[in-house]
Each structure stands twice: as structure tokens, then as C-alpha cells.
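Comments concern the structure below.
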Amino acid sequence: MKRRLLIPALLALAALAGIAIAASRGSQDDAHDPATSASPQADARTLERGQYLAQAGNCIACHTRQGGASFAGGRGIETPFGVVYAPNITPDPKTGIGAWSAADFWRAMHQGRSKDGRLLYPAFPYPNFTQVTREDSDAIYLYLRSLPAVAQANREHALSFPYSTQAALAVWRALYFKPASFELDARKSVQWNRGRYLVQGLGHCASCHSSRNFLGGIESGTELSGGMIPGQNWYAPPLAVDAEFADLLKKGASRHGAVMGPMAEVVFRSTQHLSEQDLASIETFLADVPKPVPAASSSPKRDRALLGAGRKIYENRCASCHGNQGEGVPGAYPALADNRTVTSASPVNVVRAIVLGGMAPTTAGNPRPYGMPPFGAELNDAEIAAVSTFVRSAWGNDAPTVSAVEVLRAR
Amino acid sequence: MRRLAAALAVLVAQSCLAAPGNVDSMGQRMQACAACHGKDGRGDAEGYFPRIAGKPSGYLYNQLASFRDGRRHNATMEHLLAQTTDAYLREMADYFAALDAPHAPPPAQRASVSELERGRALVLRGDASRDVPACVECHGAALTGVQPGVPGLVGLPAGYVSAQLGAWRNGQRAANEPDCMGRIARQVSAQDIAAVAQWLAAQPLPADARPADASASPLLTHCGSMHK
């Protein structure tokens, strides 16, 4: 309760200072930006590059509502502070970005400011996009300008006070955001640097695969180490490459499973379109990120009755596809033995897979994916806890027990 | 008995694993559907979930696309279909349209005689005073649907039919424009909907329960649900 009062108070106090900082920073940044460069040219090669980059940045996912016109906005992004509605970025002059210049677009990407100078909400991942080069920003801008204009008015964000204010944003930015250009690390290969640019900049992987504090900020040093996705009940695991990494990003499925939840959408709309070269670059960069330590069992003496119940459920409902030894069927049903999702420190994803079922995304590399039935209506929390605990401890897996309360929370 | 079942499950698993080639079928890919729609899409006449086996492919495709694109709402369907392409949805629709699983007999009747009569009148004759056409005008004389886009109405649980009409009435379900069923559902009352659903659910299926060939009904030709 104390914390609840403290946050708005702190925000209010810091607000004035924040505004001042942000305002002065804004003018300085303008001076530094190559904003007055000649208008970029929309030749076919640039448009194609812009499209590719827009895919790599997955702009379409947030800027398109379910079943709506592409890039015309309207999708609500759930955050702990309320819902942020992504705007129309088609070239419609009234409701889209038809009146924006390349410099306006760059300012949004690089500084997180709208054409009119308003501070943008970081649900638009400008803390990552700030590293996108001006050249790439221009190419994306030109690609967006080449799309059909869709007249669709933007929806007001539904944020609670004080988060709905520009002052709160100014404070947030003072704490967690600084415009920055991508700096090449000369000690590393070109490929490594390209991978870092894609992961930390345009691809904005860290915006989900990091843990956020109570203000929605990512503490430095925790990037890419995994975390619950704000506003969504999914766990984004630590990013580390393994032999199946490229398959997951390109096809959406690998020997040990398919991408689920928000990542299924990322693969569907974004990473399946990445070139082999860019995928290899991402792998090169992520190979340098420390590997996560598998969740070691905190309860070596697992409840035998629970395991027995879990085994029985597994044999009756799961084994016909996932196999008696959790070996799965290559290309169809994921192996559960030695499966990172199954043994993850957070049981959220494995529980949600059981509750919701799922279908891997349809991709060029996996055009006819397999689906898993949802068991959420058939099995109660205790049963799902039992079978989750069983698969997390069988066939060499050794991850902690899952409780019925954890299942209830993850549902 | 349970042991036997477990042993059988193991046998099935082993036979399935012995030849991984066996799993390369639409049936194996569509196991997610069986959890609610029953084996081979035969539905669950006693409960809520509709039969999907044998429905016109165009109708099934439109429904799958509607769940993906937000014209129909069901959390499970939306979750399963969020990242599917039109091509794969068409393959799913063709797969279930071609299945011919056995029909269950109609469940025991709970509706009153007067409610059933009210339902029968609306289904067979409609209500011209409210500009409500008879169901048979578009869904086929045998109410088993019409190719390529109109579903059969018999052999469905009453709860499902009334939920769909109610959803249309409340704007929770829509078809492609012009949304003919949306217009009709807004012309009828909740009691009408319950009566129609009860009467439909009480009907035994004709020997040939396949959808009729494409109809030239002028009522239908302009409906959005008829356009793929």
C-alpha cells in the first residue's frame, strides 16, 4: 500500500525536473540529428530494403489490429499502466503519417517523439529503435510511404493517472532512455556487430526478453536474461543460441518444440523473413551472451503421489504424441526430454501450453504445422500441476515442482 | 480397465512412433480440434461444441478466417488460429468438409410443445411481418446446408445455435458484409432464438445429411458469407 502512494508521489516530484531535462535534451538532439539531410529517394531497391527492415522490426504486428488493414494501427498493447493503442502509420495525411517528413519519422525512431514533439510511450520500442541508423530509418519511412493510405483514426490510449501524463513519460525517459547511435565494436566481427544491431536495435528482442522493474524499466545488465512479458501472461526466456535456434526463428518449430504465444507472432510476421545471413549474425552475437543455467530442482524429494498422478495423466493424454520417453516425433510433435521450455525456471509457458494448446505459426519453412489440443477445460489446476511436475522431472529433466497455485496464476 | 486403457494408449503411442511417416496427415495435424469438436470433427451433440465434419468447405473457411480476424470470438479458436495463412485455413476447411463421421441421435427433448411449435414455424415459414425469412430458404430444404457457404442447422447442440444467434444479435459475431444473418438475428427476440434452437436440435438427421448443391436463392446470392 505504501508503495502505491509512493510511486505517484515520486513521479510527481520528479516530473518537473523530468520535463526540464527532456525539454532541453530535445532541442539539443535536434541540433545533433542529421535531420536536414536531403530527402531520401524511393527507388525500388530502397523500398525493398525498407520492407525487409520493417519486417525485421516487426512494425506490422503492433500497428495492425486483429483483422484490420495492415499498418493502420488500432491494436491495444497491454501494459501494467494501461492500454497503449498503436497509431496508424500508413501514408494517410489526416490519420496516418502522410504529413510526416523523413526527419519526423527519424525523430520518432531515434528520440521517441512524435511529429508535434509529444513524448511517445515506450510501448513503441524506441529505447531499442534509437540505435537504428538514419539510413535504415529512411528506408522504412519510404516503404511505409509506398503503402496504400488507410483513413483510420487513432484510438486514445487508456492509461491510468499519472502514467497518462507527459510528465510521467518525461520522468521515465530521464530514468531509462537516452538517444544513442549504434556504435560498432571494432574488436568484434562485422557479423557479430550486425547481430547486435538486429537484436538490440531494430529487432528490439530485449523489450520482451528482459525483466522489467515496477516502473516498466529494464535495469542495465539484465537485458536478454529473460522475464515475464508486461501485460501478458507469457515468459520470454533468456536468449541463448543452441542447435535449434535458427530453425525456431526461420520455421517456427524445431526438434524440441514450436514457438508459442507472442513469439509465434514474431516468427510469423518477422523472423521467418530474415535472410540466412542475418539469422547467422544474430546467432553469432547471441553465442556471446552467457548461457542460462537450467533451473535446478529446488525440491530433490518430489512428492511421489504427485509424480504418480502426473505420470498417469501423461500416459493417458500426452504420450500418444510426445512418446513414452518424452522423445516426440521429429517434425511433428516436440520432444519434451531435454526441452528448454519444459525445464525453464518459470513454469508459466509449459503450463500455458497444456492449458491453451497451440498451433505453430504457418511459415514458408513449416507451411502445415501441427496443433496441440487445449487441456484447460479437461484438467483442473491440481492435475495440470501434477503433469507439469512429471514432465519437468522425467527423462533426465530436473526442474522444480509446479504447484496448483502456480497453474492458477499462469492460466 | 484403466490399466487396459493405459496399455492401449502406450500401444497406440508405440505404433505411432514406430513409423514417424504415419503422422504426416491432416488428421494428425488437426488433433488440436478434437479436444472440443470430437473425433473426426463429429461434434458433441449433448454439449456445446458444433460438428464440423461434412460442413461446406467455404463455410468452414469463412469461420476459420473470422476467428483469426476477429469477426467471431472464442479465445481458444483465436489462440489456435492467430498465426495461420489463408492457404492453410483452406486446407483445414477442405479436410473437415470431406469427413463423414457418424451422427449422434438428437438428445432428449426439454422444450415445451408450444416452444417447439414456435421454433418450427420460424424455421419452416419465417415471419414476413418482421421481414424474417424461413431458415429453409437458405439453409436447404433438409436444413443440411447448401454448398459452398451455408452450414447445416440440424445435428447441432441447441446451446450452440442459440449462442450464435445471440452473438449476432449482440454484435459479438459477424460475417463478411453484407452480413445477412446479422440482419435477421436483430429482427428476432431471445425467445424466438431459444425456440428455433430447441426445435432444430430435436430434429433427427435425414439419411443423406450432406449439404445440398449450390442454390440460386436470390436471398443468398448477395450475402457476404457466400463470397470466398
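A note on labels: chains of the C-alpha cells are A, B, ... as shown, every chain counts residues from 1, and ligands are counted from 1 in their shown order.
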
Handout entry: Test item: residues at most 9 Å from Gly54 in chain B, only C-alpha atoms, excluding those fewer than 3 positions along its chain, as a VMD selection string
Key = chain B and resid 41 to 42 51 57 96 to 101 209 to 211

Output as CSV one row per residue of chain A within 6 Å of chain B: the closest atom pair and its distance in Å to one decimal place, counting only C-alpha atoms, sorted by chain and residue number ascending.
residue,atom,partner,partner_atom,distance
A:Gln66,CA,B:Asp69,CA,5.3
A:Gly67,CA,B:Asp69,CA,3.8
A:Asn316,CA,B:Ala6,CA,5.9
A:Ser320,CA,B:Ala13,CA,4.0
A:Gly358,CA,B:Leu80,CA,5.2
A:Met359,CA,B:Leu80,CA,5.4
A:Pro361,CA,B:Gln83,CA,4.8
A:Thr362,CA,B:Thr84,CA,5.0
A:Tyr370,CA,B:Arg29,CA,4.2
A:Gly371,CA,B:Ala32,CA,5.0
A:Met372,CA,B:Ala32,CA,4.6
A:Pro373,CA,B:Ala32,CA,3.5

Problem - Selection near Gln191 in chain B, 12 Å with only C-alpha atoms, sequence-local residues under 5 positions removed, as a PyMOL selection string - result: chain B and resi 111+114-116+118-119+122+162+165-166+185+196-198

Once you have the residues from the selection above, write them out as a PDB file, in the first residue's frame, restricted to C-alpha atoms.
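As written to disk, again-v9.pdb reads:
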ATOM      1  CA  ALA B 111     -38.564 -27.837 -24.635  1.00  0.00           C
ATOM      2  CA  SER B 114     -45.579 -24.528 -27.613  1.00  0.00           C
ATOM      3  CA  GLU B 115     -41.903 -23.538 -27.756  1.00  0.00           C
ATOM      4  CA  LEU B 116     -41.206 -26.252 -30.294  1.00  0.00           C
ATOM      5  CA  ARG B 118     -42.880 -21.510 -32.307  1.00  0.00           C
ATOM      6  CA  GLY B 119     -39.448 -22.744 -33.427  1.00  0.00           C
ATOM      7  CA  LEU B 122     -39.919 -19.731 -37.758  1.00  0.00           C
ATOM      8  CA  SER B 162     -28.778 -20.076 -29.628  1.00  0.00           C
ATOM      9  CA  LEU B 165     -27.834 -16.203 -32.972  1.00  0.00           C
ATOM     10  CA  GLY B 166     -27.487 -14.300 -29.713  1.00  0.00           C
ATOM     11  CA  ALA B 185     -30.820 -12.068 -35.845  1.00  0.00           C
ATOM     12  CA  VAL B 196     -35.560 -22.120 -33.070  1.00  0.00           C
ATOM     13  CA  ALA B 197     -32.505 -23.671 -31.398  1.00  0.00           C
ATOM     14  CA  GLN B 198     -34.631 -26.166 -29.464  1.00  0.00           C
TER      15      GLN B 198
END

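With only C-alpha atoms as the atoms that count, the residue of A:Gln200, A:Asn366, A:Ser189, A:Ser403 with the shortest distance to Gly57 in chain A is A:Gln200.
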
Practice task
Skip Trp199 in chain B itself and residues of its chain fewer than 3 positions away, then list as a ChimeraX atom specification all residues within 12 Å of it, counting only C-alpha atoms.
Solution key: /B:106-124,135,143,153-159,161-162,192-196,202-204

Go ahead and dump the residues you just picked, N, CA and C atoms, as a short mmCIF file (atom, residue, chain, number, x, y, z; two decimals), in the first residue's frame.
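The resulting file, result-v2.cif, is shown below:
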data_model
loop_
_atom_site.label_atom_id
_atom_site.label_comp_id
_atom_site.auth_asym_id
_atom_site.auth_seq_id
_atom_site.Cartn_x
_atom_site.Cartn_y
_atom_site.Cartn_z
N PRO B 106 -30.57 -37.21 -31.94
CA PRO B 106 -30.84 -35.97 -31.20
C PRO B 106 -30.97 -36.24 -29.71
N PRO B 107 -30.51 -35.32 -28.88
CA PRO B 107 -30.59 -35.53 -27.43
C PRO B 107 -32.04 -35.47 -26.95
N ALA B 108 -32.24 -35.94 -25.72
CA ALA B 108 -33.59 -35.93 -25.14
C ALA B 108 -34.14 -34.50 -25.14
N GLN B 109 -35.43 -34.40 -25.37
CA GLN B 109 -36.09 -33.10 -25.53
C GLN B 109 -36.44 -32.45 -24.18
N ARG B 110 -36.18 -31.17 -24.07
CA ARG B 110 -36.53 -30.48 -22.83
C ARG B 110 -37.53 -29.36 -23.07
N ALA B 111 -37.72 -29.00 -24.35
CA ALA B 111 -38.56 -27.84 -24.63
C ALA B 111 -40.05 -28.20 -24.56
N SER B 112 -40.88 -27.20 -24.33
CA SER B 112 -42.33 -27.42 -24.27
C SER B 112 -42.88 -27.52 -25.69
N VAL B 113 -44.09 -28.04 -25.79
CA VAL B 113 -44.73 -28.19 -27.10
C VAL B 113 -44.90 -26.83 -27.77
N SER B 114 -45.33 -25.83 -26.99
CA SER B 114 -45.58 -24.53 -27.61
C SER B 114 -44.27 -23.88 -28.09
N GLU B 115 -43.19 -24.11 -27.32
CA GLU B 115 -41.90 -23.54 -27.76
C GLU B 115 -41.44 -24.21 -29.05
N LEU B 116 -41.62 -25.54 -29.09
CA LEU B 116 -41.21 -26.25 -30.29
C LEU B 116 -42.01 -25.79 -31.51
N GLU B 117 -43.29 -25.55 -31.30
CA GLU B 117 -44.13 -25.10 -32.41
C GLU B 117 -43.69 -23.72 -32.90
N ARG B 118 -43.36 -22.84 -31.94
CA ARG B 118 -42.88 -21.51 -32.31
C ARG B 118 -41.59 -21.63 -33.13
N GLY B 119 -40.69 -22.53 -32.70
CA GLY B 119 -39.45 -22.74 -33.43
C GLY B 119 -39.71 -23.30 -34.81
N ARG B 120 -40.57 -24.29 -34.89
CA ARG B 120 -40.86 -24.93 -36.19
C ARG B 120 -41.41 -23.90 -37.18
N ALA B 121 -42.30 -23.04 -36.70
CA ALA B 121 -42.92 -22.05 -37.58
C ALA B 121 -41.85 -21.10 -38.14
N LEU B 122 -40.95 -20.66 -37.29
CA LEU B 122 -39.92 -19.73 -37.76
C LEU B 122 -38.96 -20.42 -38.74
N VAL B 123 -38.59 -21.64 -38.43
CA VAL B 123 -37.64 -22.35 -39.28
C VAL B 123 -38.24 -22.63 -40.66
N LEU B 124 -39.50 -23.08 -40.67
CA LEU B 124 -40.09 -23.51 -41.94
C LEU B 124 -40.79 -22.38 -42.70
N CYS B 135 -35.67 -20.32 -42.26
CA CYS B 135 -34.30 -20.86 -42.32
C CYS B 135 -34.11 -21.71 -43.57
N LEU B 143 -32.38 -28.67 -44.34
CA LEU B 143 -31.61 -27.95 -43.31
C LEU B 143 -30.22 -28.55 -43.08
N LEU B 153 -28.10 -26.85 -40.22
CA LEU B 153 -28.57 -26.41 -38.89
C LEU B 153 -29.04 -27.57 -38.03
N VAL B 154 -29.21 -28.73 -38.63
CA VAL B 154 -29.62 -29.88 -37.83
C VAL B 154 -28.37 -30.65 -37.39
N GLY B 155 -28.52 -31.32 -36.25
CA GLY B 155 -27.38 -32.05 -35.70
C GLY B 155 -26.46 -31.18 -34.89
N LEU B 156 -26.93 -29.98 -34.52
CA LEU B 156 -26.12 -29.09 -33.69
C LEU B 156 -26.74 -28.97 -32.31
N PRO B 157 -25.92 -28.78 -31.27
CA PRO B 157 -26.49 -28.59 -29.92
C PRO B 157 -27.31 -27.30 -29.85
N ALA B 158 -28.42 -27.34 -29.14
CA ALA B 158 -29.27 -26.14 -29.02
C ALA B 158 -28.49 -24.98 -28.42
N GLY B 159 -27.64 -25.29 -27.45
CA GLY B 159 -26.86 -24.23 -26.80
C GLY B 159 -25.97 -23.51 -27.79
N VAL B 161 -26.43 -23.24 -31.15
CA VAL B 161 -27.21 -22.46 -32.11
C VAL B 161 -27.73 -21.17 -31.46
N SER B 162 -28.24 -21.30 -30.24
CA SER B 162 -28.78 -20.08 -29.63
C SER B 162 -27.66 -19.10 -29.28
N ASP B 192 -37.54 -16.17 -29.49
CA ASP B 192 -37.53 -16.79 -30.82
C ASP B 192 -36.27 -17.63 -31.01
N ILE B 193 -35.15 -17.06 -30.59
CA ILE B 193 -33.88 -17.75 -30.77
C ILE B 193 -33.87 -19.07 -30.02
N ALA B 194 -34.33 -19.02 -28.77
CA ALA B 194 -34.35 -20.25 -27.96
C ALA B 194 -35.26 -21.29 -28.62
N ALA B 195 -36.40 -20.84 -29.13
CA ALA B 195 -37.36 -21.77 -29.72
C ALA B 195 -36.78 -22.42 -30.99
N VAL B 196 -36.16 -21.60 -31.83
CA VAL B 196 -35.56 -22.12 -33.07
C VAL B 196 -34.46 -23.13 -32.73
N ALA B 202 -33.86 -30.84 -31.95
CA ALA B 202 -34.72 -32.02 -31.75
C ALA B 202 -34.90 -32.83 -33.02
N GLN B 203 -34.43 -32.30 -34.16
CA GLN B 203 -34.69 -32.99 -35.43
C GLN B 203 -33.68 -34.11 -35.68
N PRO B 204 -34.19 -35.27 -36.07
CA PRO B 204 -33.26 -36.34 -36.48
C PRO B 204 -32.65 -35.96 -37.83
#

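Residues in contact range of Ala207 in chain B, defined as at most 12 Å between only C-alpha atoms, with sequence neighbours fewer than 6 positions away removed, read Pro102, His103, Pro105, Ala142 and Thr144 of chain B.
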
Residues as selected, C-alpha atoms, written as a PDB file, in the first residue's frame, can you do that?
ATOM      1  CA  PRO B 102     -21.389 -40.773 -37.799  1.00  0.00           C
ATOM      2  CA  HIS B 103     -24.129 -38.526 -36.425  1.00  0.00           C
ATOM      3  CA  PRO B 105     -29.200 -39.183 -32.443  1.00  0.00           C
ATOM      4  CA  ALA B 142     -33.484 -30.546 -45.428  1.00  0.00           C
ATOM      5  CA  THR B 144     -28.351 -29.777 -44.006  1.00  0.00           C
TER       6      THR B 144
END

Problem - Contacts of range 229-244 of chain A within 8 Å, only C-alpha atoms, excl. fewer than 2 positions in-chain, as an NGL selection string - result: :A and (77-80 or 208-212 or 216 or 224-227 or 246-248 or 254-256 or 261-262 or 283 or 286-287 or 289-292 or 344 or 346 or 348-349 or 410)

Requested write-out: N, CA, C and O atoms of the selected residues, as a CSV table (one decimal), in the first residue's frame:
chain,number,residue,atom,x,y,z
A,77,ILE,N,-1.9,-2.4,-26.9
A,77,ILE,CA,-0.8,-3.1,-26.3
A,77,ILE,C,-1.0,-3.0,-24.8
A,77,ILE,O,-1.0,-1.9,-24.2
A,78,GLU,N,-1.2,-4.1,-24.2
A,78,GLU,CA,-1.4,-4.2,-22.7
A,78,GLU,C,-0.1,-3.9,-22.0
A,78,GLU,O,0.9,-4.5,-22.3
A,79,THR,N,-0.2,-2.9,-21.1
A,79,THR,CA,1.0,-2.7,-20.2
A,79,THR,C,0.4,-2.7,-18.7
A,79,THR,O,-0.8,-2.6,-18.5
A,80,PRO,N,1.3,-2.8,-17.8
A,80,PRO,CA,0.8,-2.7,-16.4
A,80,PRO,C,0.2,-1.3,-16.0
A,80,PRO,O,-0.4,-1.2,-15.0
A,208,CYS,N,11.2,-7.7,-24.7
A,208,CYS,CA,10.4,-8.7,-24.1
A,208,CYS,C,11.4,-9.7,-23.3
A,208,CYS,O,11.0,-10.1,-22.2
A,209,HIS,N,12.5,-9.9,-23.8
A,209,HIS,CA,13.4,-11.0,-23.2
A,209,HIS,C,14.2,-10.4,-22.0
A,209,HIS,O,15.4,-10.8,-21.9
A,210,SER,N,13.7,-9.5,-21.3
A,210,SER,CA,14.4,-8.9,-20.2
A,210,SER,C,13.4,-8.7,-19.1
A,210,SER,O,12.2,-8.7,-19.3
A,211,SER,N,13.8,-8.7,-17.8
A,211,SER,CA,12.8,-8.4,-16.8
A,211,SER,C,12.7,-6.9,-16.6
A,211,SER,O,13.7,-6.2,-16.7
A,212,ARG,N,11.5,-6.5,-16.3
A,212,ARG,CA,11.3,-5.1,-16.0
A,212,ARG,C,11.0,-4.8,-14.6
A,212,ARG,O,10.4,-5.7,-13.9
A,216,GLY,N,8.4,-0.4,-15.2
A,216,GLY,CA,8.5,-0.9,-16.6
A,216,GLY,C,9.8,-0.6,-17.2
A,216,GLY,O,10.0,-0.6,-18.4
A,224,LEU,N,18.1,-9.3,-22.0
A,224,LEU,CA,18.2,-10.6,-22.7
A,224,LEU,C,18.3,-11.8,-21.7
A,224,LEU,O,18.5,-12.9,-22.1
A,225,SER,N,18.1,-11.5,-20.4
A,225,SER,CA,18.2,-12.6,-19.4
A,225,SER,C,16.9,-13.2,-19.1
A,225,SER,O,16.7,-14.0,-18.2
A,226,GLY,N,15.8,-12.8,-19.9
A,226,GLY,CA,14.5,-13.4,-19.7
A,226,GLY,C,13.7,-12.7,-18.7
A,226,GLY,O,14.2,-11.9,-17.8
A,227,GLY,N,12.3,-12.8,-18.9
A,227,GLY,CA,11.4,-12.2,-17.9
A,227,GLY,C,10.0,-12.3,-18.4
A,227,GLY,O,9.7,-12.7,-19.5
A,246,ALA,N,18.2,-21.4,-35.1
A,246,ALA,CA,17.8,-20.9,-36.4
A,246,ALA,C,16.5,-21.4,-36.9
A,246,ALA,O,15.7,-20.7,-37.5
A,247,ASP,N,16.3,-22.7,-36.6
A,247,ASP,CA,15.0,-23.4,-37.0
A,247,ASP,C,13.8,-22.7,-36.4
A,247,ASP,O,12.8,-22.4,-37.0
A,248,LEU,N,14.0,-22.3,-35.1
A,248,LEU,CA,12.9,-21.7,-34.4
A,248,LEU,C,12.5,-20.3,-35.1
A,248,LEU,O,11.4,-20.0,-35.3
A,254,SER,N,11.1,-26.6,-34.1
A,254,SER,CA,12.3,-27.3,-34.2
A,254,SER,C,12.1,-28.7,-33.5
A,254,SER,O,11.0,-29.0,-33.1
A,255,ARG,N,13.1,-29.4,-33.3
A,255,ARG,CA,13.0,-30.8,-32.7
A,255,ARG,C,12.4,-30.7,-31.3
A,255,ARG,O,11.6,-31.5,-31.0
A,256,HIS,N,12.7,-29.6,-30.6
A,256,HIS,CA,12.1,-29.5,-29.2
A,256,HIS,C,11.0,-28.6,-29.1
A,256,HIS,O,10.7,-28.1,-28.0
A,261,GLY,N,2.8,-18.4,-28.1
A,261,GLY,CA,2.4,-17.1,-27.6
A,261,GLY,C,2.9,-16.0,-28.4
A,261,GLY,O,2.9,-16.0,-29.7
A,262,PRO,N,3.4,-14.9,-27.8
A,262,PRO,CA,3.8,-13.7,-28.5
A,262,PRO,C,4.9,-14.1,-29.5
A,262,PRO,O,5.1,-13.4,-30.6
A,283,GLU,N,22.8,-15.3,-34.5
A,283,GLU,CA,23.4,-16.4,-33.8
A,283,GLU,C,24.8,-16.1,-33.3
A,283,GLU,O,25.1,-16.4,-32.1
A,286,LEU,N,24.4,-13.7,-30.3
A,286,LEU,CA,23.9,-14.3,-29.1
A,286,LEU,C,24.7,-15.4,-28.5
A,286,LEU,O,24.6,-15.7,-27.3
A,287,ALA,N,25.6,-16.0,-29.4
A,287,ALA,CA,26.6,-17.0,-28.8
A,287,ALA,C,27.4,-16.4,-27.7
A,287,ALA,O,28.0,-17.1,-26.9
A,289,VAL,N,26.4,-14.2,-25.6
A,289,VAL,CA,25.6,-13.9,-24.4
A,289,VAL,C,25.7,-15.1,-23.4
A,289,VAL,O,25.5,-16.2,-23.9
A,290,PRO,N,25.9,-14.9,-22.2
A,290,PRO,CA,26.1,-16.0,-21.2
A,290,PRO,C,24.9,-17.0,-21.3
A,290,PRO,O,23.7,-16.5,-21.3
A,291,LYS,N,25.1,-18.2,-21.3
A,291,LYS,CA,24.1,-19.2,-21.4
A,291,LYS,C,23.3,-19.3,-20.1
A,291,LYS,O,23.9,-19.2,-19.0
A,292,PRO,N,22.0,-19.4,-20.2
A,292,PRO,CA,21.2,-19.6,-18.9
A,292,PRO,C,21.5,-20.9,-18.2
A,292,PRO,O,21.7,-21.9,-18.9
A,344,SER,N,12.3,-24.8,-18.1
A,344,SER,CA,12.6,-23.4,-17.8
A,344,SER,C,12.3,-23.1,-16.3
A,344,SER,O,11.5,-23.7,-15.6
A,346,SER,N,10.9,-20.6,-15.1
A,346,SER,CA,9.5,-20.3,-14.9
A,346,SER,C,8.6,-21.4,-15.6
A,346,SER,O,8.8,-21.7,-16.7
A,348,VAL,N,5.6,-21.1,-16.4
A,348,VAL,CA,4.4,-20.4,-17.0
A,348,VAL,C,4.2,-21.0,-18.4
A,348,VAL,O,3.0,-21.3,-18.7
A,349,ASN,N,5.2,-21.1,-19.2
A,349,ASN,CA,4.9,-21.4,-20.6
A,349,ASN,C,4.5,-22.9,-20.8
A,349,ASN,O,3.6,-23.2,-21.6
A,410,ALA,N,-1.0,-19.0,-13.9
A,410,ALA,CA,-0.5,-19.0,-15.3
A,410,ALA,C,-1.6,-19.1,-16.3
A,410,ALA,O,-1.5,-18.8,-17.5

Exercise for the section: May I have all residues of range 24-218 of chain B that DSSP, computed from the backbone, assigns to helix (DSSP H, G or I), given as a ChimeraX atom specification? Expected result: /B:26-29,31-37,39-41,57-69,75-81,86-97,113-125,128-130,135-139,158-169,180-187,190-201,218

Problem - Non-local contacts of range 383-395 of chain A (10 Å; only C-alpha atoms; under 2 positions in same chain excluded) as a VMD selection string - result: chain A and resid 295 297 300 302 to 315 317 to 318 324 to 327 336 to 344 347 350 to 352 354 to 355 375 to 376 378 to 381 397 to 408

Exercise for the section: Please indicate the distance in Å from CA of Met263 in chain A to CA of Lys188 in chain A, rounded to one decimal place. Expected result: 28.4 Å

Practice task
Determine the nearest neighbour of Ser207 in chain A from the options A:Pro148, A:Pro125, A:Pro162, A:Pro93, counting only C-alpha atoms.
Solution key: A:Pro125

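The coordinates place CA of Arg173 in chain B at 6.8 Å from CA of His73 in chain B.
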